[in-house]
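Source file: upload_6.txt. Holds: compact mmCIF, C-alpha atoms and all ligand atoms.
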# COMPACT_ATOMS: atom_id res chain seq x y z
CA MET I 1 -39.17 -154.00 50.37
CA LYS I 2 -42.40 -152.55 48.95
CA ILE I 3 -45.86 -153.49 50.10
CA LYS I 4 -49.36 -152.11 49.72
CA CYS I 5 -50.47 -149.69 52.41
CA PRO I 6 -53.36 -151.30 54.34
CA PHE I 7 -54.77 -147.80 55.08
CA CYS I 8 -54.88 -146.17 51.63
CA GLY I 9 -53.87 -148.92 49.21
CA GLN I 10 -50.86 -147.01 47.81
CA PHE I 11 -47.35 -148.41 47.86
CA ALA I 12 -45.49 -148.24 51.15
CA SER I 13 -41.84 -148.93 51.86
CA GLU I 14 -39.72 -150.04 54.79
CA LYS I 15 -37.84 -147.37 56.69
CA LYS I 16 -35.16 -147.50 59.37
CA PHE I 17 -35.24 -145.30 62.43
CA ASP I 18 -34.06 -145.14 66.03
CA TYR I 19 -36.99 -146.29 68.08
CA LEU I 20 -37.36 -145.17 71.70
CA TYR I 21 -38.81 -148.19 73.45
CA HIS I 22 -40.46 -147.19 76.72
CA ASN I 23 -40.57 -149.32 79.85
CA ALA I 24 -38.14 -151.88 78.42
CA ASN I 25 -37.37 -153.03 81.94
CA PRO I 26 -40.67 -153.56 83.78
CA VAL I 27 -38.85 -153.41 87.16
CA THR I 28 -36.95 -150.14 86.67
CA GLY I 29 -39.13 -148.60 83.96
CA GLU I 30 -35.95 -148.00 81.93
CA SER I 31 -36.31 -147.07 78.25
CA VAL I 32 -34.02 -148.21 75.48
CA VAL I 33 -33.22 -146.87 72.02
CA VAL I 34 -33.53 -149.54 69.36
CA LYS I 35 -30.95 -148.61 66.73
CA ASP I 36 -32.08 -149.08 63.11
CA ALA I 37 -35.53 -150.40 63.99
CA LYS I 38 -37.63 -151.04 60.90
CA CYS I 39 -41.24 -150.21 60.16
CA PHE I 40 -43.36 -149.59 57.09
CA HIS I 41 -44.05 -146.05 56.01
CA CYS I 42 -46.66 -144.88 53.52
CA GLU I 43 -45.62 -141.86 51.43
CA SER I 44 -49.24 -141.13 50.51
CA CYS I 45 -51.11 -141.19 53.83
CA HIS I 46 -48.07 -141.06 56.15
CA GLU I 47 -49.25 -144.03 58.21
CA GLU I 48 -46.53 -146.10 59.87
CA TRP I 49 -46.81 -149.65 61.18
CA PHE I 50 -44.86 -152.76 62.10
CA ASN I 51 -45.27 -156.26 60.75
CA LYS I 52 -44.65 -159.34 62.92
CA ALA I 53 -41.00 -159.79 61.83
CA GLN I 54 -40.22 -156.13 62.58
CA GLU I 55 -41.87 -156.38 65.99
CA ASP I 56 -39.99 -159.60 66.82
CA SER I 57 -36.69 -158.07 65.82
CA ILE I 58 -37.33 -155.05 68.07
CA GLN I 59 -38.31 -157.33 70.94
CA ASP I 60 -35.08 -159.34 70.45
CA PHE I 61 -33.02 -156.16 70.60
CA VAL I 62 -34.79 -155.01 73.77
CA ASP I 63 -34.40 -158.42 75.44
CA ARG I 64 -30.67 -158.48 74.68
CA ALA I 65 -30.18 -154.87 75.80
CA MET I 66 -32.07 -155.44 79.05
CA ARG I 67 -30.51 -158.78 79.97
CA LYS I 68 -27.60 -157.64 82.08
CA PRO I 69 -25.26 -160.15 83.73
CA LEU I 70 -24.42 -159.76 87.42
CA THR I 71 -21.90 -157.01 88.18
CA PRO I 72 -18.56 -157.81 89.89
CA MET I 73 -20.03 -156.44 93.15
CA GLU I 74 -23.12 -158.62 92.88
CA ILE I 75 -21.03 -161.70 92.15
CA LYS I 76 -18.89 -160.99 95.20
CA GLN I 77 -22.04 -160.56 97.29
CA ILE I 78 -23.38 -163.93 96.18
CA ARG I 79 -20.03 -165.66 96.70
CA GLU I 80 -19.60 -164.24 100.20
CA SER I 81 -23.16 -165.16 101.17
CA LEU I 82 -22.50 -168.86 100.57
CA PRO I 83 -21.23 -170.89 103.54
CA PHE I 84 -17.65 -171.36 102.37
CA LYS I 85 -14.35 -169.89 103.43
CA THR I 86 -12.46 -169.57 100.16
CA LYS I 87 -13.22 -168.66 96.56
CA LYS I 88 -11.88 -172.07 95.55
CA GLU I 89 -14.42 -173.85 97.77
CA VAL I 90 -17.29 -171.90 96.19
CA ALA I 91 -15.90 -172.54 92.70
CA ASP I 92 -15.57 -176.29 93.40
CA PHE I 93 -19.10 -176.39 94.76
CA LEU I 94 -20.45 -174.77 91.57
CA CYS I 95 -18.16 -176.80 89.27
CA LEU I 96 -16.47 -173.61 88.12
CA ASN I 97 -12.84 -172.98 87.33
CA SER I 98 -11.09 -172.04 90.57
CA LYS I 99 -9.88 -168.73 89.10
CA ALA I 100 -13.38 -167.77 87.90
CA PHE I 101 -14.33 -165.64 90.90
CA VAL I 102 -11.02 -163.78 90.84
CA ARG I 103 -11.57 -162.80 87.21
CA TRP I 104 -15.26 -161.99 87.62
CA GLU I 105 -14.91 -160.02 90.82
CA ASN I 106 -12.12 -157.83 89.50
CA GLY I 107 -14.17 -157.27 86.35
CA TYR I 108 -11.50 -158.69 84.10
CA THR I 109 -14.10 -161.04 82.61
CA GLY I 110 -17.71 -161.78 83.42
CA PRO I 111 -19.63 -165.04 83.64
CA ASN I 112 -21.49 -166.21 80.57
CA MET I 113 -25.28 -166.24 80.96
CA ALA I 114 -25.30 -169.94 81.94
CA ASN I 115 -22.89 -169.34 84.82
CA ASP I 116 -24.67 -166.13 85.68
CA LEU I 117 -27.85 -168.19 85.98
CA LEU I 118 -26.03 -170.79 88.10
CA LEU I 119 -24.94 -168.12 90.59
CA ARG I 120 -28.46 -166.73 90.85
CA LEU I 121 -30.01 -170.18 91.27
CA VAL I 122 -27.70 -171.27 94.05
CA ALA I 123 -28.14 -167.97 95.89
CA TYR I 124 -31.90 -167.98 95.44
CA SER I 125 -32.99 -170.63 97.90
CA GLU I 126 -31.77 -173.01 100.53
CA ALA I 127 -33.45 -175.80 98.57
CA ASN I 128 -31.35 -174.99 95.49
CA PHE I 129 -28.20 -174.88 97.58
CA ASN I 130 -29.01 -178.19 99.29
CA PHE I 131 -29.74 -179.76 95.94
CA VAL I 132 -26.23 -178.92 94.70
CA LYS I 133 -24.84 -180.23 98.00
CA LYS I 134 -26.71 -183.49 97.51
CA LEU I 135 -25.36 -183.81 93.96
CA HIS I 136 -21.84 -183.68 95.32
CA GLU I 137 -22.64 -186.20 98.05
CA THR I 138 -23.99 -188.66 95.48
CA ASN I 139 -21.28 -188.01 92.87
CA PHE I 140 -23.87 -186.48 90.57
CA ALA I 141 -25.79 -189.71 90.10
CA PHE I 142 -28.87 -188.98 88.01
CA VAL I 143 -32.07 -190.42 89.47
CA PRO I 144 -34.84 -189.34 87.06
CA THR I 145 -37.65 -189.62 89.61
CA HIS I 146 -35.87 -187.17 91.93
CA TYR I 147 -36.41 -184.43 89.35
CA PHE I 148 -39.84 -182.86 89.51
CA PHE I 149 -40.34 -182.27 85.78
CA VAL I 150 -38.74 -185.53 84.69
CA ASN I 151 -40.90 -187.37 87.21
CA GLU I 152 -44.07 -185.69 85.97
CA PHE I 153 -43.08 -186.49 82.41
CA LEU I 154 -42.46 -190.15 83.25
CA LYS I 155 -45.87 -190.39 84.91
CA LYS I 156 -47.51 -189.08 81.74
CA GLU I 157 -45.46 -191.46 79.57
CA GLU I 158 -46.72 -194.34 81.71
CA ILE I 159 -50.35 -193.38 81.05
CA VAL I 160 -49.71 -193.14 77.30
CA THR I 161 -47.99 -196.54 77.31
CA MET I 162 -50.95 -198.08 79.13
CA GLN I 163 -53.35 -196.66 76.54
CA VAL I 164 -51.29 -197.95 73.63
CA GLU I 165 -51.10 -201.42 75.15
CA PHE I 166 -54.86 -201.57 75.65
CA PRO I 167 -56.02 -203.37 72.47
CA LYS I 168 -54.88 -206.97 72.87
CA ALA I 169 -54.29 -209.25 69.89
CA GLU I 170 -57.38 -211.31 70.62
CA GLU I 171 -59.67 -208.27 70.74
CA SER I 172 -62.11 -207.52 67.99
CA THR I 173 -61.31 -205.44 64.95
CA GLN I 174 -63.71 -202.79 66.29
CA ALA I 175 -61.78 -202.47 69.54
CA ILE I 176 -58.48 -202.17 67.71
CA LEU I 177 -59.84 -199.56 65.29
CA ALA I 178 -61.40 -197.64 68.17
CA ALA I 179 -58.12 -197.72 70.07
CA GLU I 180 -56.38 -196.35 67.00
CA GLY I 181 -58.72 -193.40 66.99
CA TYR I 182 -61.24 -194.36 64.33
CA ILE I 183 -64.70 -192.97 64.91
CA ALA I 184 -67.40 -195.56 65.54
CA ARG I 185 -70.71 -194.90 63.81
CA ASN I 186 -73.92 -196.84 64.26
CA ASP I 187 -75.72 -198.17 61.26
CA GLU I 188 -79.31 -197.77 62.40
CA GLU I 189 -80.72 -200.18 59.86
CA TYR I 190 -78.49 -203.15 60.65
CA GLY I 191 -77.61 -202.22 64.21
CA GLU I 192 -73.91 -202.59 63.53
CA GLU I 193 -71.01 -200.36 64.21
CA TYR I 194 -68.88 -199.40 61.30
CA TYR I 195 -65.87 -197.19 60.85
CA LEU I 196 -65.27 -194.46 58.37
CA ASP I 197 -61.80 -194.01 57.06
CA ASP I 198 -61.22 -190.97 59.26
CA LYS I 199 -59.59 -190.64 62.62
CA ILE I 200 -60.63 -188.51 65.53
CA ALA I 201 -58.78 -185.26 65.19
CA ALA I 202 -55.88 -185.23 67.64
ZN ZN V 301 -51.17 -145.14 52.99
Using structure tokens, write down the structure that the file contains.
Ligand SMILES: [Zn+2]
Amino acid sequence: MKIKCPFCGQFASEKKFDYLYHNANPVTGESVVVKDAKCFHCESCHEEWFNKAQEDSIQDFVDRAMRKPLTPMEIKQIRESLPFKTKKEVADFLCLNSKAFVRWENGYTGPNMANDLLLRLVAYSEANFNFVKKLHETNFAFVPTHYFFVNEFLKKEEIVTMQVEFPKAEESTQAILAAEGYIARNDEEYGEEYYLDDKIAA
């Protein structure tokens, strides 16, 4: 891939290199080597730079390298912290296979990221734990308004629906056009409102 160097105007080409990415983990300050990172390199002025795609690809690599699932020890810690006696009880509570904790805790396999997330969520707060408990007690019945985000979304939907319903059939053409987003303009000479064929930008 050849492009024009933005610094000197000569041709530049893409090069691959191992890029030492500092502070990849903002908590530990850990660095990571991005294998075969790409950047542009100018033979004439020796400038080097990244375009957006190259930057994104490096960021993806770093995110994947840094995202580490819970270790067997950490999984055991979470499992033991929950108020159950057996591994099977914890597994049932989290809708996991009853053998899952045996496999994860001996390191034979690890949880996928979704189950990893589930373990973290349930261990994170009493509210999260009680929520799962309530789901079991109600046989996982889904009541949309019990869910914060769904509830907020429904409230917004209601407002939109009210706005859409506003122009009634018997209302004037002006009101209907206005409700559809047409801009009203006053004709000073005749004192009438008229509408151009353009809508208010969303
Ligand atoms: Zn150059």
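Near ligand ZN 301 (chain V), at distances of 8 Å or less and with all atoms listed in the file counted, sit the residues Lys4, Cys5, Pro6, Phe7, Cys8, Gly9, Gln10, Phe11, Ala12, His41, Cys42, Glu43, Ser44, Cys45, His46 and Glu47 of chain I.
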Problem set entry | Nearby residues (only C-alpha atoms) at most 8 Å from region 14-28 of chain I, same-chain spacing under 2 positions excluded, as a PyMOL selection string | chain I and resi 1-2+12+30-41+62+66
query = Please, what distance in Å, to one decimal, runs between CA of Ile58 (chain I) and CA of Leu119 (chain I)?
reply =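 Those two atoms sit 28.8 Å apart.
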Taken to one decimal, the CA of Lys134 (chain I)-CA of Asn112 (chain I) distance is 24.8 Å
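Of the listed residues I:Arg64, I:His136, I:Lys99, I:Lys76, the one whose atoms come nearest to Arg120 (chain I) is I:Lys76, with distances taken using only C-alpha atoms.
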Using all atoms listed in the file and a cutoff of 12 Å, can you tell me which residues are near (-23.5, -169.5, 83.5) in the file's coordinates, and write them out as a PyMOL selection string? chain I and resi 69-70+75+94-97+100+104+110-122
